[in-house]
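Some notes on the structure that comes next.
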Amino acid sequence: MFVVEKNPKSVAAEAYRTLNTNIHYSSVDKKYKSIAVTSANPREGKSTTASNLALTLAEGEEKVLLIDCDMRKPSIHKNFKVTNNYGISEILVQNKKVMDIANKYNNNLHIITIGKIPPNTFEMLASKTMTLFLEEMKEHFDYVILDTPPFQAVADPQILYTKVDGTLVLVRSGKTKKDDVNNSISLLKKVNADIIGTVLHAVDKSNNKYYYYYG
């Protein structure tokens with residue numbers, strides 16, 4: 001799951017560092033501090049990519065916050081093996097304090113899980129409270145990474161892309177259809193999302209490349 005930790009010298013881990021570098025270079029005119037990671041369909045690797053990206057960003061001196069915003073199928077708490085008793089839901093709905101909720105993974109990475117999933121997920125994510133929360137987190141962290149639901153599966157995440165600085169679209173090699181990618185990009189543009197680029201995930205190992213990024 002976390003190749004940048006388990007196999008830091010691998011091609012895959014180096015690809016995440018390249019992704020990190022490309023994000024930095026993409027921020028010439030605009031600093032991408034809050035970044036949503038999404039995919040067209042479920043099970044394409046967006047949570048793995050969001051997690052490894054957060055870990056890579058945290059390798060230096062930068063402070064990183066990883067937030068699970070996939071209300072339909074949250075997985076960040078399982079991947080990192082942290083508690084999910086409280087999360088983003090309690091912060092937004094019950095006004096819980098962030099540092100009482102966030103899980104400290106290491107010195108530079110904090111994680112906010114889903115918590116208890118409310119019935120009105122769209123309203124919660126679309127709320128002004130969510131907007132203010134993200135802006136506040138950007139004052140305390142160098143990067144805020146959001147793991148969001150598959151773009152074509154539910155309508156929930158569409159409003160989120162108007163609240164972040166940039167969006168990465170995950171494409172799984174050999175699985176994601178071209179039409180799905182084009183449709184996702186089109187829908188993102190319709191809500192005026194700032195698309196940083198796409199990440200091609202799970203390329204055949206025989207090609208000596210696992211991931212490839214382009215802006």
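Numbering starts fresh at 1 for the residues of each chain in the structure tokens, the chains themselves are lettered A, B, ... in the order given, and ligands are numbered from 1 as they appear.
Those residues that approach range 28-34 of chain A to within 9 Å, counting only C-alpha atoms, are Ile23, His24, Tyr25, Leu134, Glu135, Met137, Lys138, Phe141, Asp142, Tyr143, Val144, Ile145, Leu146, Lys163, Val164, Asp165, Gly166, Thr167 and Ile196 of chain A; same-chain residues fewer than 3 positions away are not listed.
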Please tabulate, as a Markdown table, the residues of range 95-136 of chain A that come within 6 Å of range 61-72 of chain A, each with its closest pair of atoms and the distance in Å to one decimal, counting only C-alpha atoms and ordering rows by chain, then residue number upward.
```
| residue | atom | partner | partner_atom | distance |
| --- | --- | --- | --- | --- |
| A:Asn108 | CA | A:Lys63 | CA | 4.7 |
| A:Leu109 | CA | A:Val64 | CA | 4.9 |
| A:His110 | CA | A:Leu65 | CA | 4.9 |
| A:Ile111 | CA | A:Leu66 | CA | 4.8 |
| A:Ile112 | CA | A:Ile67 | CA | 4.8 |
| A:Thr113 | CA | A:Asp68 | CA | 5.1 |
| A:Ile114 | CA | A:Asp68 | CA | 5.6 |
```
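Relative to CA of Asn106 in chain A, CA of Lys81 in chain A is found at 13.3 Å.
Using only C-alpha atoms, the nearest neighbour of Thr162 in chain A within the list A:Ile101, A:Ile35, A:Lys73, A:Pro150 is A:Ile35.
Take the candidates A:Lys178, A:Gln94, A:Val171, A:Ser47 and check each one against Lys78 in chain A using only C-alpha atoms; the shortest distance goes to A:Ser47.
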**Request:** Choose the residue, out of A:Thr38, A:Ser26, A:Ser89, A:Thr18, that has the smallest atom-to-atom separation from Ile185 in chain A; count only C-alpha atoms.
**Result:** A:Thr38
**Prompt:** Expressed in Å to a single decimal, how great is the separation between CA of Asn22 in chain A and CA of Glu59 in chain A?
**Reply:** 15.7 Å
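Across range 111-208 of chain A, DSSP run on the backbone finds strand (DSSP E or B) at Ile111, Ile112, Tyr143, Val144, Ile145, Leu146, Asp147, Gly166, Thr167, Leu168, Val169, Leu170, Val171, Arg172, Ile195, Ile196, Gly197, Thr198, Val199, Leu200 and His201 of chain A.
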Just write the chosen residues, N, CA, C and O atoms, as a short mmCIF file (atom, residue, chain, number, x, y, z; two decimals), in the first residue's frame.
```
data_model
loop_
_atom_site.label_atom_id
_atom_site.label_comp_id
_atom_site.auth_asym_id
_atom_site.auth_seq_id
_atom_site.Cartn_x
_atom_site.Cartn_y
_atom_site.Cartn_z
N ILE A 111 -3.62 12.93 9.99
CA ILE A 111 -4.69 12.30 9.21
C ILE A 111 -6.04 12.56 9.88
O ILE A 111 -6.18 12.38 11.10
N ILE A 112 -7.00 12.98 9.08
CA ILE A 112 -8.37 13.11 9.56
C ILE A 112 -9.22 12.10 8.79
O ILE A 112 -9.30 12.14 7.56
N TYR A 143 0.46 21.50 3.07
CA TYR A 143 -0.38 20.82 2.08
C TYR A 143 -1.55 20.14 2.76
O TYR A 143 -1.40 19.55 3.83
N VAL A 144 -2.72 20.22 2.10
CA VAL A 144 -3.91 19.53 2.55
C VAL A 144 -4.37 18.64 1.40
O VAL A 144 -4.75 19.13 0.34
N ILE A 145 -4.28 17.32 1.59
CA ILE A 145 -4.62 16.35 0.55
C ILE A 145 -5.97 15.72 0.87
O ILE A 145 -6.17 15.20 1.97
N LEU A 146 -6.90 15.76 -0.08
CA LEU A 146 -8.23 15.21 0.11
C LEU A 146 -8.42 13.97 -0.76
O LEU A 146 -8.23 14.02 -1.98
N ASP A 147 -8.78 12.86 -0.13
CA ASP A 147 -9.17 11.66 -0.86
C ASP A 147 -10.67 11.75 -1.08
O ASP A 147 -11.45 11.65 -0.14
N GLY A 166 -6.43 22.72 -6.36
CA GLY A 166 -6.20 21.92 -7.55
C GLY A 166 -6.68 20.50 -7.39
O GLY A 166 -6.89 20.02 -6.27
N THR A 167 -6.85 19.82 -8.52
CA THR A 167 -7.37 18.44 -8.52
C THR A 167 -6.49 17.55 -9.37
O THR A 167 -6.10 17.92 -10.48
N LEU A 168 -6.17 16.37 -8.85
CA LEU A 168 -5.47 15.33 -9.60
C LEU A 168 -6.46 14.24 -9.96
O LEU A 168 -7.23 13.79 -9.12
N VAL A 169 -6.43 13.81 -11.22
CA VAL A 169 -7.34 12.76 -11.69
C VAL A 169 -6.54 11.47 -11.86
O VAL A 169 -5.57 11.44 -12.62
N LEU A 170 -6.95 10.43 -11.16
CA LEU A 170 -6.27 9.14 -11.20
C LEU A 170 -6.82 8.28 -12.34
O LEU A 170 -8.03 8.13 -12.49
N VAL A 171 -5.93 7.72 -13.15
CA VAL A 171 -6.32 6.84 -14.25
C VAL A 171 -5.60 5.51 -14.05
O VAL A 171 -4.37 5.47 -13.92
N ARG A 172 -6.35 4.43 -14.00
CA ARG A 172 -5.73 3.11 -13.80
C ARG A 172 -5.44 2.46 -15.14
O ARG A 172 -6.33 2.28 -15.98
N ILE A 195 -7.57 21.76 -12.77
CA ILE A 195 -7.02 20.42 -12.94
C ILE A 195 -5.50 20.51 -13.02
O ILE A 195 -4.95 21.05 -13.98
N ILE A 196 -4.82 19.99 -12.02
CA ILE A 196 -3.35 20.00 -12.03
C ILE A 196 -2.83 19.05 -13.09
O ILE A 196 -1.89 19.35 -13.81
N GLY A 197 -3.45 17.88 -13.19
CA GLY A 197 -3.01 16.88 -14.17
C GLY A 197 -3.61 15.54 -13.86
O GLY A 197 -4.51 15.41 -13.03
N THR A 198 -3.14 14.52 -14.53
CA THR A 198 -3.60 13.15 -14.31
C THR A 198 -2.43 12.26 -13.90
O THR A 198 -1.28 12.54 -14.23
N VAL A 199 -2.76 11.22 -13.18
CA VAL A 199 -1.76 10.25 -12.74
C VAL A 199 -2.13 8.89 -13.30
O VAL A 199 -3.22 8.38 -13.01
N LEU A 200 -1.27 8.31 -14.10
CA LEU A 200 -1.49 6.96 -14.64
C LEU A 200 -0.94 5.98 -13.62
O LEU A 200 0.25 6.00 -13.29
N HIS A 201 -1.82 5.12 -13.14
CA HIS A 201 -1.51 4.26 -12.00
C HIS A 201 -1.51 2.79 -12.41
O HIS A 201 -2.26 2.37 -13.29
#
```
**Prompt:** What lies within 10 Å of Ile91 in chain A using only C-alpha atoms, ignoring chain neighbours under 3 positions off, as a ChimeraX atom specification?
**Reply:** /A:86-88,94-102,112,114-115,129-130,133
Those residues you just picked out, can you put them in a file as an mmCIF file, in the first residue's frame with N, CA and C atoms?
```cif
data_model
loop_
_atom_site.group_PDB
_atom_site.id
_atom_site.type_symbol
_atom_site.label_atom_id
_atom_site.label_comp_id
_atom_site.auth_asym_id
_atom_site.auth_seq_id
_atom_site.Cartn_x
_atom_site.Cartn_y
_atom_site.Cartn_z
ATOM 1 N N TYR A 86 -13.912 9.379 15.493
ATOM 2 C CA TYR A 86 -14.254 10.757 15.160
ATOM 3 C C TYR A 86 -13.463 11.169 13.920
ATOM 4 N N GLY A 87 -14.059 12.056 13.129
ATOM 5 C CA GLY A 87 -13.376 12.482 11.907
ATOM 6 C C GLY A 87 -13.903 13.802 11.384
ATOM 7 N N ILE A 88 -13.856 13.955 10.068
ATOM 8 C CA ILE A 88 -14.256 15.199 9.428
ATOM 9 C C ILE A 88 -15.721 15.525 9.724
ATOM 10 N N GLN A 94 -20.239 18.869 14.547
ATOM 11 C CA GLN A 94 -20.250 19.035 15.998
ATOM 12 C C GLN A 94 -19.224 20.047 16.495
ATOM 13 N N ASN A 95 -18.525 20.676 15.560
ATOM 14 C CA ASN A 95 -17.525 21.693 15.916
ATOM 15 C C ASN A 95 -16.420 21.152 16.822
ATOM 16 N N LYS A 96 -16.066 19.890 16.606
ATOM 17 C CA LYS A 96 -14.953 19.314 17.353
ATOM 18 C C LYS A 96 -13.644 19.983 16.911
ATOM 19 N N LYS A 97 -12.694 20.104 17.817
ATOM 20 C CA LYS A 97 -11.418 20.721 17.502
ATOM 21 C C LYS A 97 -10.564 19.777 16.660
ATOM 22 N N VAL A 98 -9.917 20.350 15.646
ATOM 23 C CA VAL A 98 -9.145 19.549 14.693
ATOM 24 C C VAL A 98 -8.089 18.705 15.388
ATOM 25 N N MET A 99 -7.310 19.298 16.244
ATOM 26 C CA MET A 99 -6.195 18.569 16.843
ATOM 27 C C MET A 99 -6.653 17.557 17.881
ATOM 28 N N ASP A 100 -7.931 17.610 18.269
ATOM 29 C CA ASP A 100 -8.480 16.555 19.125
ATOM 30 C C ASP A 100 -8.923 15.364 18.290
ATOM 31 N N ILE A 101 -9.143 15.606 17.000
ATOM 32 C CA ILE A 101 -9.638 14.580 16.091
ATOM 33 C C ILE A 101 -8.525 13.965 15.246
ATOM 34 N N ALA A 102 -7.608 14.802 14.784
ATOM 35 C CA ALA A 102 -6.570 14.353 13.850
ATOM 36 C C ALA A 102 -5.652 13.306 14.468
ATOM 37 N N ILE A 112 -7.000 12.983 9.084
ATOM 38 C CA ILE A 112 -8.374 13.113 9.558
ATOM 39 C C ILE A 112 -9.224 12.102 8.789
ATOM 40 N N ILE A 114 -12.993 9.802 8.291
ATOM 41 C CA ILE A 114 -14.374 10.187 8.040
ATOM 42 C C ILE A 114 -15.158 10.418 9.324
ATOM 43 N N GLY A 115 -15.020 9.507 10.276
ATOM 44 C CA GLY A 115 -15.868 9.550 11.460
ATOM 45 C C GLY A 115 -17.223 8.936 11.149
ATOM 46 N N THR A 129 -19.117 25.956 6.082
ATOM 47 C CA THR A 129 -18.252 25.456 7.152
ATOM 48 C C THR A 129 -17.083 24.665 6.575
ATOM 49 N N MET A 130 -17.341 23.856 5.543
ATOM 50 C CA MET A 130 -16.290 23.097 4.884
ATOM 51 C C MET A 130 -15.295 24.039 4.212
ATOM 52 N N PHE A 133 -13.218 25.647 6.870
ATOM 53 C CA PHE A 133 -12.329 24.644 7.457
ATOM 54 C C PHE A 133 -11.091 24.435 6.594
#
```
**Fill in**
Closest of A:Leu19, A:Val82, A:Val93, A:Ala40 to Leu57 in chain A, counting only C-alpha atoms, is A:Leu19
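Between CA of Asn107 in chain A and CA of Pro8 in chain A lies a distance of 18.2 Å.
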**Request:** List every residue of range 88-165 of chain A that DSSP, applied to the backbone of this structure, assigns to helix (DSSP H, G or I), and report them as a PyMOL selection string.
**Result:** chain A and resi 88-93+98-101+121-126+128-140+156-162
Hey, can you spit out that residue selection with C-alpha atoms as a JSON list (two decimals), in the first residue's frame?
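New file again25.json:
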```
[["chain", "number", "residue", "atom", "x", "y", "z"],
["A", 88, "ILE", "CA", -14.26, 15.20, 9.43],
["A", 89, "SER", "CA", -17.98, 14.72, 10.13],
["A", 90, "GLU", "CA", -17.56, 15.60, 13.81],
["A", 91, "ILE", "CA", -15.37, 18.61, 12.96],
["A", 92, "LEU", "CA", -17.94, 20.06, 10.57],
["A", 93, "VAL", "CA", -21.18, 19.07, 12.30],
["A", 98, "VAL", "CA", -9.15, 19.55, 14.69],
["A", 99, "MET", "CA", -6.19, 18.57, 16.84],
["A", 100, "ASP", "CA", -8.48, 16.55, 19.12],
["A", 101, "ILE", "CA", -9.64, 14.58, 16.09],
["A", 121, "THR", "CA", -23.18, 14.16, 3.07],
["A", 122, "PHE", "CA", -23.64, 16.49, 0.09],
["A", 123, "GLU", "CA", -24.87, 19.36, 2.25],
["A", 124, "MET", "CA", -21.98, 18.87, 4.65],
["A", 125, "LEU", "CA", -19.31, 18.92, 1.94],
["A", 126, "ALA", "CA", -21.00, 21.83, 0.17],
["A", 128, "LYS", "CA", -19.62, 27.19, 4.07],
["A", 129, "THR", "CA", -18.25, 25.46, 7.15],
["A", 130, "MET", "CA", -16.29, 23.10, 4.88],
["A", 131, "THR", "CA", -14.92, 26.04, 2.90],
["A", 132, "LEU", "CA", -13.81, 27.85, 6.05],
["A", 133, "PHE", "CA", -12.33, 24.64, 7.46],
["A", 134, "LEU", "CA", -10.16, 24.06, 4.37],
["A", 135, "GLU", "CA", -8.98, 27.67, 4.36],
["A", 136, "GLU", "CA", -8.06, 27.42, 8.03],
["A", 137, "MET", "CA", -6.16, 24.17, 7.50],
["A", 138, "LYS", "CA", -4.08, 25.84, 4.77],
["A", 139, "GLU", "CA", -2.89, 28.29, 7.40],
["A", 140, "HIS", "CA", -1.63, 25.48, 9.62],
["A", 156, "ASP", "CA", -20.95, 14.55, -3.65],
["A", 157, "PRO", "CA", -17.37, 15.41, -4.68],
["A", 158, "GLN", "CA", -18.20, 17.85, -7.47],
["A", 159, "ILE", "CA", -18.68, 20.75, -5.06],
["A", 160, "LEU", "CA", -15.37, 19.94, -3.37],
["A", 161, "TYR", "CA", -13.37, 20.71, -6.49],
["A", 162, "THR", "CA", -14.50, 24.33, -6.28]]
```
**Request:** Tell me which of A:Asn85, A:Thr21, A:Asn7, A:Thr148 sits closest to Leu53 in chain A, counting only C-alpha atoms.
**Result:** A:Thr21
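With only C-alpha atoms as the atoms that count, the minimum distance from Asn52 in chain A to the choices A:Ser75, A:Ser39, A:Val3, A:Val11 is reached by A:Val3.
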